[in-house]
$ cat entry08.cif   # mmCIF, C-alpha atoms (C1' of nucleotides)
data_protein
#
loop_
_atom_site.group_PDB
_atom_site.id
_atom_site.type_symbol
_atom_site.label_atom_id
_atom_site.label_comp_id
_atom_site.auth_asym_id
_atom_site.auth_seq_id
_atom_site.Cartn_x
_atom_site.Cartn_y
_atom_site.Cartn_z
ATOM 1 C CA MET A 217 -26.582 -20.125 -10.187
ATOM 2 C CA THR A 218 -23.125 -18.876 -9.412
ATOM 3 C CA ALA A 219 -24.359 -16.556 -6.716
ATOM 4 C CA ILE A 220 -21.980 -13.994 -5.339
ATOM 5 C CA LYS A 221 -20.281 -15.069 -2.163
ATOM 6 C CA GLU A 222 -22.610 -14.138 0.661
ATOM 7 C CA SER A 223 -20.011 -11.837 2.223
ATOM 8 C CA SER A 224 -17.876 -10.100 -0.336
ATOM 9 C CA THR A 225 -14.308 -9.942 0.863
ATOM 10 C CA ARG A 226 -13.907 -6.400 -0.349
ATOM 11 C CA ASN A 227 -17.011 -5.098 1.350
ATOM 12 C CA PHE A 228 -16.169 -6.845 4.529
ATOM 13 C CA ASN A 229 -12.739 -5.262 4.556
ATOM 14 C CA LYS A 230 -13.933 -1.728 4.183
ATOM 15 C CA GLY A 231 -16.543 -2.148 6.847
ATOM 16 C CA VAL A 232 -14.986 -4.246 9.528
ATOM 17 C CA ALA A 233 -11.300 -4.968 9.199
ATOM 18 C CA LEU A 234 -10.287 -1.332 8.914
ATOM 19 C CA THR A 235 -11.970 -0.263 12.087
ATOM 20 C CA SER A 236 -11.461 -3.373 14.167
ATOM 21 C CA CYS A 237 -7.762 -3.983 13.544
ATOM 22 C CA PRO A 238 -5.596 -1.313 15.130
ATOM 23 C CA VAL A 239 -2.611 -2.210 12.991
ATOM 24 C CA THR A 240 -4.602 -1.848 9.804
ATOM 25 C CA PHE A 241 -5.939 1.392 11.203
ATOM 26 C CA VAL A 242 -2.420 2.733 11.490
ATOM 27 C CA MET A 243 -1.524 1.469 8.041
ATOM 28 C CA GLU A 244 -4.458 3.391 6.648
ATOM 29 C CA LYS A 245 -3.019 6.565 8.125
ATOM 30 C CA ILE A 246 0.673 6.266 7.407
ATOM 31 C CA GLY A 247 0.832 3.446 4.852
ATOM 32 C CA GLY A 248 1.982 4.027 1.338
ATOM 33 C CA TYR A 249 5.272 5.248 0.019
ATOM 34 C CA TRP A 250 5.336 8.858 0.931
ATOM 35 C CA LYS A 251 3.441 9.481 4.152
ATOM 36 C CA PRO A 252 6.034 8.069 6.531
ATOM 37 C CA ILE A 253 8.734 9.990 4.724
ATOM 38 C CA ILE A 254 6.795 13.237 4.952
ATOM 39 C CA ILE A 255 6.057 12.657 8.623
ATOM 40 C CA PHE A 256 9.669 11.845 9.282
ATOM 41 C CA HIS A 257 10.790 15.123 7.816
ATOM 42 C CA LEU A 258 8.216 17.030 9.843
ATOM 43 C CA MET A 259 9.539 15.399 13.010
ATOM 44 C CA SER A 260 12.499 17.763 12.874
ATOM 45 C CA GLY A 261 10.184 20.754 12.938
ATOM 46 C CA PRO A 262 7.635 22.637 10.825
ATOM 47 C CA LYS A 263 8.458 22.992 7.167
ATOM 48 C CA ARG A 264 7.178 24.987 4.266
ATOM 49 C CA TYR A 265 5.699 23.269 1.244
ATOM 50 C CA SER A 266 8.744 24.141 -0.813
ATOM 51 C CA GLU A 267 11.076 22.952 1.935
ATOM 52 C CA LEU A 268 9.395 19.567 1.972
ATOM 53 C CA LYS A 269 9.737 19.401 -1.770
ATOM 54 C CA ARG A 270 13.431 20.158 -1.446
ATOM 55 C CA VAL A 271 14.185 17.559 1.212
ATOM 56 C CA ILE A 272 12.148 14.937 -0.675
ATOM 57 C CA PRO A 273 13.203 15.703 -4.234
ATOM 58 C CA GLN A 274 11.791 12.497 -5.690
ATOM 59 C CA ILE A 275 8.208 13.175 -4.704
ATOM 60 C CA THR A 276 5.999 14.835 -7.289
ATOM 61 C CA GLU A 277 4.088 17.922 -6.279
ATOM 62 C CA LYS A 278 0.843 16.073 -6.845
ATOM 63 C CA MET A 279 1.786 13.361 -4.400
ATOM 64 C CA LEU A 280 3.130 15.847 -1.876
ATOM 65 C CA ILE A 281 0.027 18.028 -1.734
ATOM 66 C CA GLN A 282 -2.279 15.012 -1.948
ATOM 67 C CA HIS A 283 -0.699 13.303 1.034
ATOM 68 C CA LEU A 284 -0.443 16.519 2.986
ATOM 69 C CA LYS A 285 -4.185 16.912 2.560
ATOM 70 C CA GLN A 286 -4.877 13.381 3.682
ATOM 71 C CA LEU A 287 -2.619 13.882 6.662
ATOM 72 C CA GLN A 288 -4.599 17.018 7.503
ATOM 73 C CA ASN A 289 -7.873 15.114 7.248
ATOM 74 C CA ASP A 290 -6.470 12.481 9.564
ATOM 75 C CA ASP A 291 -5.391 15.231 11.951
ATOM 76 C CA LEU A 292 -1.741 14.270 11.814
ATOM 77 C CA VAL A 293 -0.535 17.468 10.199
ATOM 78 C CA HIS A 294 -1.502 21.082 10.640
ATOM 79 C CA ARG A 295 -1.466 23.631 7.832
ATOM 80 C CA ASP A 296 -0.723 27.260 8.482
ATOM 81 C CA ALA A 297 -1.076 29.700 5.599
ATOM 82 C CA GLN A 298 0.002 33.324 5.768
ATOM 83 C CA ALA A 299 -1.939 35.648 3.495
ATOM 84 C CA VAL A 300 1.116 37.192 1.928
ATOM 85 C CA ILE A 301 2.574 37.203 -1.522
ATOM 86 C CA PRO A 302 4.332 35.051 -2.444
ATOM 87 C CA PRO A 303 2.343 32.640 -0.245
ATOM 88 C CA VAL A 304 3.936 31.162 2.854
ATOM 89 C CA VAL A 305 2.407 27.853 3.910
ATOM 90 C CA THR A 306 3.866 25.972 6.809
ATOM 91 C CA TYR A 307 3.126 22.388 7.738
ATOM 92 C CA SER A 308 3.669 20.967 11.186
ATOM 93 C CA LEU A 309 2.771 17.840 13.102
ATOM 94 C CA THR A 310 -0.232 17.796 15.391
ATOM 95 C CA LYS A 311 -0.073 16.053 18.749
ATOM 96 C CA SER A 312 -1.277 12.847 17.106
ATOM 97 C CA GLY A 313 1.355 13.254 14.446
ATOM 98 C CA GLU A 314 4.087 13.760 17.000
ATOM 99 C CA ASP A 315 2.946 10.686 18.871
ATOM 100 C CA LEU A 316 3.813 8.673 15.785
ATOM 101 C CA PHE A 317 7.423 9.091 16.746
ATOM 102 C CA GLN A 318 7.205 5.963 18.884
ATOM 103 C CA VAL A 319 5.885 3.987 15.935
ATOM 104 C CA LEU A 320 8.441 5.225 13.454
ATOM 105 C CA ASP A 321 11.167 4.818 16.023
ATOM 106 C CA SER A 322 10.351 1.161 16.603
ATOM 107 C CA MET A 323 10.332 0.671 12.847
ATOM 108 C CA VAL A 324 13.770 2.180 12.551
ATOM 109 C CA ASP A 325 15.014 -0.030 15.371
ATOM 110 C CA TRP A 326 13.697 -3.095 13.631
ATOM 111 C CA ALA A 327 15.060 -2.063 10.245
ATOM 112 C CA ILE A 328 18.540 -1.540 11.695
ATOM 113 C CA LYS A 329 18.487 -4.916 13.432
ATOM 114 C CA ASN A 330 17.289 -6.647 10.311
ATOM 115 C CA GLY A 331 19.745 -5.473 7.732
ATOM 116 C CA SER A 332 18.114 -2.669 5.826
ATOM 117 C CA VAL A 333 21.774 -2.115 4.848
ATOM 118 C CA MET B 1220 11.178 16.722 -27.770
ATOM 119 C CA THR B 1221 9.313 15.861 -24.637
ATOM 120 C CA ALA B 1222 12.189 13.877 -23.257
ATOM 121 C CA ILE B 1223 11.589 11.678 -20.281
ATOM 122 C CA LYS B 1224 12.610 13.257 -17.022
ATOM 123 C CA GLU B 1225 16.280 12.560 -16.580
ATOM 124 C CA SER B 1226 15.664 10.756 -13.297
ATOM 125 C CA SER B 1227 12.384 8.905 -13.329
ATOM 126 C CA THR B 1228 10.673 9.182 -9.970
ATOM 127 C CA ARG B 1229 9.685 5.568 -10.103
ATOM 128 C CA ASN B 1230 13.142 4.273 -10.887
ATOM 129 C CA PHE B 1231 14.675 6.398 -8.233
ATOM 130 C CA ASN B 1232 12.248 5.052 -5.681
ATOM 131 C CA LYS B 1233 12.971 1.441 -6.384
ATOM 132 C CA GLY B 1234 16.668 2.038 -6.280
ATOM 133 C CA VAL B 1235 17.287 4.483 -3.505
ATOM 134 C CA ALA B 1236 14.322 5.352 -1.321
ATOM 135 C CA LEU B 1237 13.507 1.754 -0.485
ATOM 136 C CA THR B 1238 16.939 0.941 0.798
ATOM 137 C CA SER B 1239 17.847 4.253 2.357
ATOM 138 C CA CYS B 1240 14.691 4.933 4.356
ATOM 139 C CA PRO B 1241 14.234 2.502 7.232
ATOM 140 C CA VAL B 1242 10.577 3.320 7.614
ATOM 141 C CA THR B 1243 9.865 2.613 3.978
ATOM 142 C CA PHE B 1244 11.926 -0.537 4.346
ATOM 143 C CA VAL B 1245 9.590 -1.742 7.071
ATOM 144 C CA MET B 1246 6.524 -0.746 5.075
ATOM 145 C CA GLU B 1247 7.787 -2.854 2.207
ATOM 146 C CA LYS B 1248 7.887 -5.851 4.508
ATOM 147 C CA ILE B 1249 4.674 -5.518 6.445
ATOM 148 C CA GLY B 1250 2.688 -2.989 4.407
ATOM 149 C CA GLY B 1251 -0.516 -3.858 2.667
ATOM 150 C CA TYR B 1252 -3.776 -5.136 4.021
ATOM 151 C CA TRP B 1253 -3.034 -8.661 5.024
ATOM 152 C CA LYS B 1254 0.558 -8.981 6.148
ATOM 153 C CA PRO B 1255 0.184 -7.317 9.543
ATOM 154 C CA ILE B 1256 -2.925 -9.359 10.195
ATOM 155 C CA ILE B 1257 -1.182 -12.618 9.315
ATOM 156 C CA ILE B 1258 1.803 -11.687 11.446
ATOM 157 C CA PHE B 1259 -0.462 -10.765 14.315
ATOM 158 C CA HIS B 1260 -2.114 -14.169 14.243
ATOM 159 C CA LEU B 1261 1.258 -15.909 14.148
ATOM 160 C CA MET B 1262 2.332 -13.970 17.226
ATOM 161 C CA SER B 1263 0.179 -16.301 19.306
ATOM 162 C CA GLY B 1264 2.091 -19.306 18.031
ATOM 163 C CA PRO B 1265 2.655 -21.418 14.899
ATOM 164 C CA LYS B 1266 -0.406 -22.099 12.812
ATOM 165 C CA ARG B 1267 -1.298 -24.387 9.942
ATOM 166 C CA TYR B 1268 -2.373 -22.977 6.615
ATOM 167 C CA SER B 1269 -5.952 -24.002 7.245
ATOM 168 C CA GLU B 1270 -5.872 -22.546 10.737
ATOM 169 C CA LEU B 1271 -4.788 -19.184 9.385
ATOM 170 C CA LYS B 1272 -7.573 -19.374 6.855
ATOM 171 C CA ARG B 1273 -10.028 -20.053 9.651
ATOM 172 C CA VAL B 1274 -8.935 -17.221 11.912
ATOM 173 C CA ILE B 1275 -8.841 -14.789 8.968
ATOM 174 C CA PRO B 1276 -11.982 -15.866 7.119
ATOM 175 C CA GLN B 1277 -12.077 -12.799 4.869
ATOM 176 C CA ILE B 1278 -8.743 -13.456 3.211
ATOM 177 C CA THR B 1279 -8.772 -15.368 -0.049
ATOM 178 C CA GLU B 1280 -6.516 -18.388 -0.371
ATOM 179 C CA LYS B 1281 -4.611 -16.658 -3.120
ATOM 180 C CA MET B 1282 -3.812 -13.687 -0.907
ATOM 181 C CA LEU B 1283 -2.957 -15.901 2.038
ATOM 182 C CA ILE B 1284 -0.476 -18.095 0.210
ATOM 183 C CA GLN B 1285 0.912 -15.147 -1.731
ATOM 184 C CA HIS B 1286 1.673 -13.136 1.371
ATOM 185 C CA LEU B 1287 2.980 -16.154 3.225
ATOM 186 C CA LYS B 1288 5.462 -16.626 0.393
ATOM 187 C CA GLN B 1289 6.531 -13.018 0.489
ATOM 188 C CA LEU B 1290 6.932 -13.216 4.241
ATOM 189 C CA GLN B 1291 9.116 -16.275 3.752
ATOM 190 C CA ASN B 1292 11.237 -14.462 1.186
ATOM 191 C CA ASP B 1293 11.650 -11.611 3.646
ATOM 192 C CA ASP B 1294 12.602 -14.129 6.335
ATOM 193 C CA LEU B 1295 9.793 -13.118 8.643
ATOM 194 C CA VAL B 1296 7.981 -16.431 8.515
ATOM 195 C CA HIS B 1297 9.182 -20.002 8.469
ATOM 196 C CA ARG B 1298 7.387 -22.781 6.612
ATOM 197 C CA ASP B 1299 7.512 -26.334 7.883
ATOM 198 C CA ALA B 1300 5.970 -29.028 5.695
ATOM 199 C CA GLN B 1301 5.532 -32.601 6.822
ATOM 200 C CA ALA B 1302 5.569 -35.171 4.020
ATOM 201 C CA VAL B 1303 2.341 -36.842 5.053
ATOM 202 C CA ILE B 1304 -1.073 -37.170 3.540
ATOM 203 C CA PRO B 1305 -3.099 -35.074 3.930
ATOM 204 C CA PRO B 1306 -0.359 -32.446 3.936
ATOM 205 C CA VAL B 1307 0.502 -30.698 7.186
ATOM 206 C CA VAL B 1308 2.147 -27.324 6.680
ATOM 207 C CA THR B 1309 2.914 -25.160 9.654
ATOM 208 C CA TYR B 1310 3.871 -21.502 9.563
ATOM 209 C CA SER B 1311 5.713 -19.778 12.348
ATOM 210 C CA LEU B 1312 7.508 -16.490 12.920
ATOM 211 C CA THR B 1313 11.255 -16.294 12.559
ATOM 212 C CA LYS B 1314 13.316 -14.260 15.007
ATOM 213 C CA SER B 1315 12.950 -11.244 12.737
ATOM 214 C CA GLY B 1316 9.234 -11.845 12.593
ATOM 215 C CA GLU B 1317 8.946 -12.041 16.350
ATOM 216 C CA ASP B 1318 10.919 -8.844 16.715
ATOM 217 C CA LEU B 1319 8.115 -7.098 14.855
ATOM 218 C CA PHE B 1320 6.103 -7.344 18.033
ATOM 219 C CA GLN B 1321 7.606 -4.050 19.210
ATOM 220 C CA VAL B 1322 6.534 -2.370 15.988
ATOM 221 C CA LEU B 1323 3.004 -3.723 15.977
ATOM 222 C CA ASP B 1324 2.691 -3.018 19.669
ATOM 223 C CA SER B 1325 3.588 0.642 19.264
ATOM 224 C CA MET B 1326 1.058 0.832 16.448
ATOM 225 C CA VAL B 1327 -1.651 -0.564 18.663
ATOM 226 C CA ASP B 1328 -0.726 1.913 21.388
ATOM 227 C CA TRP B 1329 -1.025 4.779 18.982
ATOM 228 C CA ALA B 1330 -4.283 3.521 17.507
ATOM 229 C CA ILE B 1331 -5.852 3.254 20.948
ATOM 230 C CA LYS B 1332 -4.742 6.756 21.885
ATOM 231 C CA ASN B 1333 -6.038 8.184 18.643
ATOM 232 C CA GLY B 1334 -9.532 6.849 18.464
ATOM 233 C CA SER B 1335 -9.431 3.807 16.227
ATOM 234 C CA VAL B 1336 -12.896 3.122 17.653
ATOM 235 C "C1'" DA C 422 6.344 42.730 -20.347
ATOM 236 C "C1'" DT C 423 8.776 38.955 -19.274
ATOM 237 C "C1'" DG C 424 10.447 35.654 -16.320
ATOM 238 C "C1'" DG C 425 10.765 33.940 -11.585
ATOM 239 C "C1'" DT C 426 8.707 32.341 -7.238
ATOM 240 C "C1'" DT C 427 5.175 29.969 -4.378
ATOM 241 C "C1'" DA C 428 1.598 26.848 -3.547
ATOM 242 C "C1'" DC C 429 -1.149 24.581 -5.488
ATOM 243 C "C1'" DA C 430 -4.935 22.117 -9.354
ATOM 244 C "C1'" DT C 431 -6.165 18.893 -12.930
ATOM 245 C "C1'" DA C 432 -6.498 15.849 -16.970
ATOM 246 C "C1'" DC C 433 -4.660 11.741 -18.522
ATOM 247 C "C1'" DT C 434 -2.183 7.300 -18.303
ATOM 248 C "C1'" DT C 435 0.047 3.384 -16.151
ATOM 249 C "C1'" DT C 436 0.946 -0.101 -12.661
ATOM 250 C "C1'" DG C 437 0.153 -3.521 -9.605
ATOM 251 C "C1'" DG C 438 -2.337 -5.065 -5.452
ATOM 252 C "C1'" DG C 439 -6.121 -7.371 -4.539
ATOM 253 C "C1'" DG C 440 -10.357 -10.099 -5.740
ATOM 254 C "C1'" DT C 441 -13.099 -13.963 -8.287
ATOM 255 C "C1'" DA C 442 -13.452 -18.339 -9.783
ATOM 256 C "C1'" DA C 443 -11.932 -22.521 -10.947
ATOM 257 C "C1'" DG C 444 -8.650 -26.450 -11.073
ATOM 258 C "C1'" DT C 445 -4.956 -29.827 -9.091
ATOM 259 C "C1'" DA C 446 -3.053 -33.983 -6.357
ATOM 260 C "C1'" DC C 447 -3.566 -37.190 -2.991
ATOM 261 C "C1'" DT C 448 -6.036 -39.731 0.463
ATOM 262 C "C1'" DT C 449 -9.754 -40.936 3.853
ATOM 263 C "C1'" DG C 450 -14.589 -41.737 5.050
ATOM 264 C "C1'" DT C 451 -19.197 -43.709 3.669
ATOM 265 C "C1'" DA D 962 -18.078 -44.325 -6.589
ATOM 266 C "C1'" DC D 963 -18.096 -39.918 -4.780
ATOM 267 C "C1'" DA D 964 -17.817 -36.164 -1.610
ATOM 268 C "C1'" DA D 965 -14.699 -33.924 1.525
ATOM 269 C "C1'" DG D 966 -10.408 -32.097 3.354
ATOM 270 C "C1'" DT D 967 -5.590 -30.144 2.729
ATOM 271 C "C1'" DA D 968 -2.470 -27.042 0.580
ATOM 272 C "C1'" DC D 969 -1.924 -25.026 -2.901
ATOM 273 C "C1'" DT D 970 -1.945 -22.998 -8.469
ATOM 274 C "C1'" DT D 971 -3.603 -20.387 -12.317
ATOM 275 C "C1'" DA D 972 -6.112 -17.351 -15.422
ATOM 276 C "C1'" DC D 973 -8.558 -13.385 -15.593
ATOM 277 C "C1'" DC D 974 -10.446 -8.812 -14.086
ATOM 278 C "C1'" DC D 975 -10.985 -4.384 -11.635
ATOM 279 C "C1'" DC D 976 -9.889 -0.326 -9.417
ATOM 280 C "C1'" DA D 977 -7.320 2.814 -6.815
ATOM 281 C "C1'" DA D 978 -2.766 4.514 -6.076
ATOM 282 C "C1'" DA D 979 0.892 6.576 -8.225
ATOM 283 C "C1'" DG D 980 3.175 9.049 -12.001
ATOM 284 C "C1'" DT D 981 3.407 12.519 -16.172
ATOM 285 C "C1'" DA D 982 2.614 16.788 -17.810
ATOM 286 C "C1'" DT D 983 0.722 21.069 -17.850
ATOM 287 C "C1'" DG D 984 -1.840 25.110 -16.096
ATOM 288 C "C1'" DT D 985 -3.050 28.900 -12.643
ATOM 289 C "C1'" DA D 986 -3.072 33.192 -9.544
ATOM 290 C "C1'" DA D 987 -0.718 36.659 -7.465
ATOM 291 C "C1'" DC D 988 3.068 39.535 -7.012
ATOM 292 C "C1'" DC D 989 8.043 41.189 -7.569
ATOM 293 C "C1'" DA D 990 12.448 42.351 -9.873
ATOM 294 C "C1'" DT D 991 14.678 43.590 -14.031
#

$ encode --input "entry08.cif" --output "structure tokens"
Amino acid sequence: MTAIKESSTRNFNKGVALTSCPVTFVMEKIGGYWKPIIIFHLMSGPKRYSELKRVIPQITEKMLIQHLKQLQNDDLVHRDAQAVIPPVVTYSLTKSGEDLFQVLDSMVDWAIKNGSV
Amino acid sequence: MTAIKESSTRNFNKGVALTSCPVTFVMEKIGGYWKPIIIFHLMSGPKRYSELKRVIPQITEKMLIQHLKQLQNDDLVHRDAQAVIPPVVTYSLTKSGEDLFQVLDSMVDWAIKNGSV
DNA sequence: ATGGTTACATACTTTGGGGTAAGTACTTGT
DNA sequence: ACAAGTACTTACCCCAAAGTATGTAACCAT
């Protein structure tokens, strides 16, 4: 008789919370370890894949390409590939991506005020 | 002979990235599904445990208390317990917690601009 | 022909965040 | 006597995110 809770928490989340809560919406886009770091580095201008790897040495290539793809799907990052050999692929922020500056900036402000070191 | 990479990505993260990147620092504090939602609801004033549960029906009690504890450890939320029966425990934002308003606000701005609905 | 460079892809494993379900202590209401 | 409310605690499970390791295609320089 132990019926499943009429509204599964997990299902409810996926369906409602993610689209109705703007903060969660943002977290879905730039949450996680690496995305904000990648975005931050793209704020200073377009970068090649290998450049990103160099300025974020700790990221694995799998994580880098995976997040770059997700950021493309979310229309935060634009990919530009030149058909030359060796390949030249440049990533840059879209307008939406650039607009995240305000968000990241307020985070930095808060972090500085509240002793991130 | 497959020696472990001299500098484990994971170890490096925990040690360096988290403390040196302000954005990641903030994500560590308010990342995840529930924390921003809890903080948001405390923005409108102190709330009892049961009140929070009521306004966030989808959260499980385990998640609620767990995140409230983490928020206390991070000094974002203050817990006030009255020694009466039945227990009355009130949660409120600390100064640091209130300062997050700027961060959440900029997130909401961005979400609205970029089609969260 | 061998190694280097670039931008990936992919199989496999581990970690931990989050969820489920149940129990606790103490008192009030009926 | 027993359910109900309050603020938790605990044991267990699942899955997705993250990490490890290796492979690939195309060309160039030596």

$ resolve_selection --input "entry08.cif" --expression "the PyMOL selection byres ((chain D) within 8 of (chain A))" --output "list in words"
DA979, DG980, DA987 and DC988 of chain D

$ closest_residue --input "entry08.cif" --among "A:Thr310, A:Val293, A:Val304, A:Leu320" --to "chain C" --atoms "all atoms listed in the file"
A:Val304

$ resolve_selection --input "entry08.cif" --expression "the PyMOL selection byres ((chain D and resi 966) around 10)" --output "JSON, numbers by chain"
{"B": [1305], "C": [448, 449], "D": [964, 965, 967, 968]}

$ residues_around --input "entry08.cif" --residues "DC969 (chain D)" --least-positions-apart "2" --cutoff "12 Å" --atoms "only C-alpha atoms (C1' of nucleotides)" --output "PyMOL selection string"
(chain B and resi 1268-1269+1280-1285+1287-1288+1306-1308) or (chain C and resi 444-446) or (chain D and resi 967+971)

$ write_last_selection --input "entry08.cif" --atoms "C-alpha atoms (C1' of nucleotides)" --output "compact mmCIF listing (two decimals), keeping the file's coordinate frame"
# COMPACT_ATOMS: atom_id res chain seq x y z
CA TYR B 1268 -2.37 -22.98 6.62
CA SER B 1269 -5.95 -24.00 7.24
CA GLU B 1280 -6.52 -18.39 -0.37
CA LYS B 1281 -4.61 -16.66 -3.12
CA MET B 1282 -3.81 -13.69 -0.91
CA LEU B 1283 -2.96 -15.90 2.04
CA ILE B 1284 -0.48 -18.10 0.21
CA GLN B 1285 0.91 -15.15 -1.73
CA LEU B 1287 2.98 -16.15 3.22
CA LYS B 1288 5.46 -16.63 0.39
CA PRO B 1306 -0.36 -32.45 3.94
CA VAL B 1307 0.50 -30.70 7.19
CA VAL B 1308 2.15 -27.32 6.68
C1' DG C 444 -8.65 -26.45 -11.07
C1' DT C 445 -4.96 -29.83 -9.09
C1' DA C 446 -3.05 -33.98 -6.36
C1' DT D 967 -5.59 -30.14 2.73
C1' DT D 971 -3.60 -20.39 -12.32

$ resolve_selection --input "entry08.cif" --expression "the PyMOL selection byres ((chain B) within 8 of (chain A))" --output "ChimeraX atom specification"
/B:1228,1231-1232,1238-1246,1250-1252,1255-1256,1277-1279,1315,1318-1319,1321-1323,1325-1327,1329-1331,1333,1335-1336

$ interface_residues --input "entry08.cif" --of "chain C" --to "chain B" --cutoff "10 Å" --atoms "all atoms listed in the file" --output "ChimeraX atom specification"
/C:438-441,447-449

$ atom_distance --input "entry08.cif" --atom1 "C1' of DA443 (chain C)" --atom2 "C1' of DA972 (chain D)"
9.0 Å

$ atom_distance --input "entry08.cif" --atom1 "CA of Leu1271 (chain B)" --atom2 "CA of Glu1317 (chain B)"
17.0 Å

$ atom_distance --input "entry08.cif" --atom1 "CA of Ile254 (chain A)" --atom2 "CA of Arg295 (chain A)"
13.6 Å

$ residues_near_point --input "entry08.cif" --point "(0.4, 18.7, -17.1)" --cutoff "8 Å" --atoms "all atoms listed in the file" --output "ChimeraX atom specification"
/C:431-432 /D:981-984

$ axis_aligned_box --input "entry08.cif" --around "region 970-978 of chain D" --padding-each-side "3 Å" --output "JSON"
{"center_x": -6.5, "center_y": -9.2, "center_z": -10.8, "size_x": 15.0, "size_y": 33.5, "size_z": 15.5}

$ decode --input "entry08.cif" --residues "region 422-436 of chain C" --atoms "N, CA, C and O atoms (P, O5', C5', C4', C3', O3' and C1' of nucleotides)" --output "compact mmCIF listing (two decimals), in the first residue's frame"
# COMPACT_ATOMS: atom_id res chain seq x y z
P DA C 422 58.19 4.33 -45.14
O5' DA C 422 58.14 4.33 -43.57
C5' DA C 422 59.35 4.47 -42.81
C4' DA C 422 58.98 5.26 -41.57
C3' DA C 422 57.51 5.09 -41.16
O3' DA C 422 57.34 5.20 -39.75
C1' DA C 422 57.93 7.34 -41.57
P DT C 423 57.93 4.23 -38.71
O5' DT C 423 58.42 5.28 -37.60
C5' DT C 423 59.44 6.23 -37.92
C4' DT C 423 59.25 7.47 -37.07
C3' DT C 423 58.13 7.38 -36.03
O3' DT C 423 58.61 7.92 -34.80
C1' DT C 423 57.79 9.27 -37.38
P DG C 424 57.71 7.77 -33.42
O5' DG C 424 57.63 9.30 -32.96
C5' DG C 424 58.78 10.15 -33.12
C4' DG C 424 58.33 11.60 -33.19
C3' DG C 424 57.32 12.01 -32.11
O3' DG C 424 57.70 13.26 -31.58
C1' DG C 424 56.48 12.56 -34.24
P DG C 425 56.94 13.87 -30.29
O5' DG C 425 56.23 15.17 -30.88
C5' DG C 425 57.00 16.11 -31.64
C4' DG C 425 56.07 17.14 -32.25
C3' DG C 425 54.97 17.62 -31.30
O3' DG C 425 54.94 19.03 -31.27
C1' DG C 425 54.04 16.90 -33.38
P DT C 426 54.07 19.79 -30.13
O5' DT C 426 52.80 20.31 -30.95
C5' DT C 426 52.99 21.00 -32.18
C4' DT C 426 51.66 21.19 -32.87
C3' DT C 426 50.51 21.49 -31.90
O3' DT C 426 49.95 22.75 -32.22
C1' DT C 426 49.91 19.83 -33.51
P DT C 427 48.91 23.45 -31.19
O5' DT C 427 47.50 23.08 -31.81
C5' DT C 427 47.19 23.43 -33.16
C4' DT C 427 45.85 22.84 -33.54
C3' DT C 427 44.77 23.00 -32.47
O3' DT C 427 43.70 23.75 -33.01
C1' DT C 427 44.87 20.75 -33.28
P DA C 428 42.62 24.42 -32.05
O5' DA C 428 41.47 23.33 -32.11
C5' DA C 428 40.88 23.02 -33.39
C4' DA C 428 40.06 21.75 -33.27
C3' DA C 428 39.03 21.76 -32.13
O3' DA C 428 37.78 21.29 -32.62
C1' DA C 428 40.31 19.82 -32.05
P DC C 429 36.46 21.66 -31.73
O5' DC C 429 36.59 20.72 -30.44
C5' DC C 429 35.72 19.61 -30.21
C4' DC C 429 36.23 18.37 -30.95
C3' DC C 429 35.54 17.10 -30.51
O3' DC C 429 34.43 16.84 -31.34
C1' DC C 429 37.92 16.80 -30.79
P DA C 430 33.22 16.02 -30.76
O5' DA C 430 33.77 14.53 -30.62
C5' DA C 430 34.15 13.81 -31.79
C4' DA C 430 34.39 12.35 -31.41
C3' DA C 430 33.31 11.73 -30.53
O3' DA C 430 33.05 10.41 -30.99
C1' DA C 430 35.40 11.58 -29.44
P DT C 431 31.75 9.62 -30.50
O5' DT C 431 32.31 8.33 -29.76
C5' DT C 431 33.71 8.04 -29.77
C4' DT C 431 34.04 7.11 -28.60
C3' DT C 431 32.86 6.72 -27.70
O3' DT C 431 33.09 5.41 -27.21
C1' DT C 431 34.48 7.74 -26.42
P DA C 432 31.83 4.38 -27.12
O5' DA C 432 32.39 3.27 -26.13
C5' DA C 432 33.70 2.73 -26.33
C4' DA C 432 34.38 2.49 -25.00
C3' DA C 432 33.46 1.93 -23.91
O3' DA C 432 34.10 0.85 -23.26
C1' DA C 432 34.55 3.88 -23.13
P DC C 433 33.26 -0.10 -22.27
O5' DC C 433 33.85 0.30 -20.85
C5' DC C 433 35.28 0.44 -20.67
C4' DC C 433 35.54 1.21 -19.38
C3' DC C 433 34.62 0.82 -18.22
O3' DC C 433 35.38 0.22 -17.18
C1' DC C 433 34.87 3.19 -18.43
P DT C 434 34.63 -0.30 -15.85
O5' DT C 434 34.95 0.87 -14.83
C5' DT C 434 36.29 1.40 -14.74
C4' DT C 434 36.30 2.58 -13.79
C3' DT C 434 35.56 2.34 -12.46
O3' DT C 434 36.43 2.68 -11.39
C1' DT C 434 34.82 4.36 -13.48
P DT C 435 36.01 2.39 -9.88
O5' DT C 435 35.80 3.86 -9.32
C5' DT C 435 36.72 4.89 -9.63
C4' DT C 435 36.14 6.23 -9.25
C3' DT C 435 35.53 6.29 -7.83
O3' DT C 435 36.09 7.41 -7.19
C1' DT C 435 34.02 7.16 -9.42
P DT C 436 36.01 7.58 -5.60
O5' DT C 436 35.13 8.90 -5.46
C5' DT C 436 35.26 9.93 -6.45
C4' DT C 436 34.09 10.87 -6.34
C3' DT C 436 33.50 11.00 -4.94
O3' DT C 436 33.47 12.37 -4.60
C1' DT C 436 31.79 10.59 -6.52
